[in-house]
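Participant: Got a structure for you, questions after.
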Amino acid sequence: MENSYHLLYNYFIDLGLSELWAKYLNMLVLLIVTLIIIYLIDLTIKKLLHNFINKIAEKTKSDIDDILNHNHVFHRIAHIIPFYIALYQVPIIFTDFDTIENLISKVLQVIFVLLIIYIIKSVLNSVRDYIRTLPRLKDKPIESFVQVIMIFVWIAGLISIIAIINGAEIWKFFTALGAASAVLLLIFKDTILGFVASIQVSINDMVRIGDWITFEKFGADGNVTEITLATVKVQNFDKTITTIPTYALISDSFKNWRGMENSGGRRIKRAVIIKLNSVKYLSGNEINKLKDIELLSDYLEKKSGDIDNYNAKNNINKELLINGRNLTNIGIFRKYVETYIENHSAINKDMMIMTRQLAPTTQGLPIEIYAFSSDKRWQNYEYIMADIFDHVIAAVPYFSLKIFELPTDLSSIKE
């Protein structure tokens, strides 16, 4: 190239041009020729890389080649050699124009630094996209780690660009950066907190993409769609999007429903409140009437027999029902509800099933059902729970019980 420079220069001098015009024309011709050569080299490298990747793709079943192409990895790598050629040729092309040479050299170096940054970004994005195709890792907060790495890459790149523009050594900027660390810590406080939170969230497996979480402080109740360095995106069930600071996941309390989704059932925990003044002992006739209920017939037959034997053995005076052992309508109702739940087809029989009496309140006596539905899908779960309580509420009058509800008029309060 240097020989070409002198040959062209001498040729223009021989044509009778002045030295200044000979230098200008010499520079212009070499610049055009160099740009054409660089463009052709760039196209050739792209073509070779494209053919090479296609051959590899034909021999493998992995989608990594498609991911790399999608993120323009090879397209950007192809620019490296042409840039090196351009940087090498600048001093030759502009040998008689020091100011222009210095300016263009710095511009090319800055562009080269930016090219390297974007190549790293493309590679990291490709790694992220590939990891998301792996079932074991697709729900991990990979985006957060990519963002952290890119922050350091951009910092290093900007320092390099400043050093190139000022013509100073890069290490001097790193020394100044250490002195300004307190300011940088203040500026990047949220980023640092987010980075630490992302690591803890990942290591402790607190949240995954796709998890259903409830975060009352931020009004979030839905599925996690994205975990980044600064925020966690939650798509609520009303299709709105809530963003939560990543560090809030370790500083505040939230509910993750993954445990329920991975278990054998979804919990049903709801009570029917019975009026206390409807609770009573049952007479023999009332017990015999309840024996017609199929779910209770065997239980009442055995239980009433045991109670009668006990009372007879101990000479209990049964003229008053309160004496001795007795059956109550609330106790039989509780047993009925428990038996009904145990025989319900939508209840998981391998998990806890319980009907319990809670402490009386000003409203009455709560009888709570505690069980787990086999179907954990929200819509089906609500249907199962409604079906159970439809039956239970309708069954209450058969036991001479009443459900509490607030009165609708003042006259009922006076009564």
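If you're wondering about the labels, chains in the structure tokens are A, B, ... by order shown, residues count from 1 in each chain, ligands from 1 in order shown.
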Would you please extract all strand (DSSP E or B) residues from segment 69-306 of chain A, as assigned by DSSP on the backbone, and give them as a PyMOL selection string?
Facilitator: chain A and resi 212-215+220-227+231-236+241-245+255-256+266-274+281
Participant: Those same residues, written as a short mmCIF file (atom, residue, chain, number, x, y, z; two decimals), in the first residue's frame with C-alpha atoms?
Facilitator:
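Written output follows (out-v4.cif):
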```
data_model
loop_
_atom_site.label_atom_id
_atom_site.label_comp_id
_atom_site.auth_asym_id
_atom_site.auth_seq_id
_atom_site.Cartn_x
_atom_site.Cartn_y
_atom_site.Cartn_z
CA TRP A 212 -47.86 -17.11 40.77
CA ILE A 213 -47.06 -14.59 43.49
CA THR A 214 -49.12 -12.28 45.69
CA PHE A 215 -47.43 -9.08 46.86
CA ALA A 220 -49.46 -7.64 42.62
CA ASP A 221 -51.40 -10.88 42.25
CA GLY A 222 -50.49 -12.90 39.18
CA ASN A 223 -47.73 -14.65 37.25
CA VAL A 224 -44.12 -13.49 37.04
CA THR A 225 -43.29 -12.76 33.41
CA GLU A 226 -39.81 -11.22 33.69
CA ILE A 227 -37.05 -10.87 36.27
CA THR A 231 -37.58 -4.92 38.43
CA VAL A 232 -39.79 -7.99 38.47
CA LYS A 233 -42.78 -7.86 36.13
CA VAL A 234 -46.00 -9.51 37.28
CA GLN A 235 -49.00 -9.92 35.00
CA ASN A 236 -52.01 -9.73 37.29
CA ILE A 241 -48.80 -5.34 34.71
CA THR A 242 -47.23 -4.58 38.09
CA THR A 243 -43.50 -3.85 38.39
CA ILE A 244 -41.79 -4.65 41.68
CA PRO A 245 -38.22 -3.63 42.63
CA LYS A 255 -46.57 -15.10 48.93
CA ASN A 256 -45.39 -17.57 46.29
CA ARG A 266 -55.17 -26.76 46.63
CA ARG A 267 -56.39 -25.93 50.10
CA ILE A 268 -60.05 -25.32 50.90
CA LYS A 269 -60.40 -23.47 54.20
CA ARG A 270 -63.79 -21.89 54.77
CA ALA A 271 -66.35 -21.91 57.57
CA VAL A 272 -70.12 -21.89 57.97
CA ILE A 273 -71.23 -19.86 61.04
CA ILE A 274 -74.04 -21.51 63.00
CA TYR A 281 -79.35 -32.02 72.37
#
```
Participant: Nearest to Ala86 of chain A among A:Tyr118, A:Asn69, A:Ile41, A:Ser126, with distances taken over only C-alpha atoms: which residue is it?
Facilitator: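 Of the candidates, the smallest distance to Ala86 of chain A is held by A:Ile41.
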Participant: Using only C-alpha atoms, which protein or nucleic acid residues come within 9 Å of segment 248-250 of chain A? Drop anything in the same chain fewer than 2 positions from it, and give the result as a list in words.
Facilitator: Gly194, Ala197, Gln200, Val201, Met206, Val207, Val232, Ile244, Pro245, Thr246, Asp252, Ser253 and Phe254 of chain A
Participant: Give me a file of those residues, with C-alpha atoms, as an mmCIF file, in the first residue's frame.
Facilitator:
```
data_model
loop_
_atom_site.group_PDB
_atom_site.id
_atom_site.type_symbol
_atom_site.label_atom_id
_atom_site.label_comp_id
_atom_site.auth_asym_id
_atom_site.auth_seq_id
_atom_site.Cartn_x
_atom_site.Cartn_y
_atom_site.Cartn_z
ATOM 1 C CA GLY A 194 -30.900 -5.345 42.364
ATOM 2 C CA ALA A 197 -31.238 -9.409 45.207
ATOM 3 C CA GLN A 200 -30.187 -14.250 46.433
ATOM 4 C CA VAL A 201 -33.443 -14.851 44.550
ATOM 5 C CA MET A 206 -37.458 -17.676 45.843
ATOM 6 C CA VAL A 207 -39.096 -16.710 42.554
ATOM 7 C CA VAL A 232 -39.786 -7.988 38.472
ATOM 8 C CA ILE A 244 -41.791 -4.648 41.682
ATOM 9 C CA PRO A 245 -38.220 -3.626 42.632
ATOM 10 C CA THR A 246 -36.126 -6.779 42.629
ATOM 11 C CA ASP A 252 -40.447 -7.471 52.139
ATOM 12 C CA SER A 253 -42.826 -10.384 52.582
ATOM 13 C CA PHE A 254 -44.721 -11.869 49.659
#
```
Participant: Going by DSSP on the backbone, which bits of segment 37-142 of chain A are helix (DSSP H, G or I)? Write them as a ChimeraX atom specification, please.
Facilitator: /A:37-59,64-70,73-77,80-93,98-132,142
Participant: Between atom CA of Tyr383 of chain A and atom CA of Ala371 of chain A, what distance in Å does the model show, to one decimal?
Facilitator: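 Between these atoms lies a distance of 14.6 Å.
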Participant: Between atom CA of His70 of chain A and atom CA of Gly210 of chain A, what is the distance, to one decimal in Å?
Facilitator: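 Distance between the two atoms: 24.4 Å.
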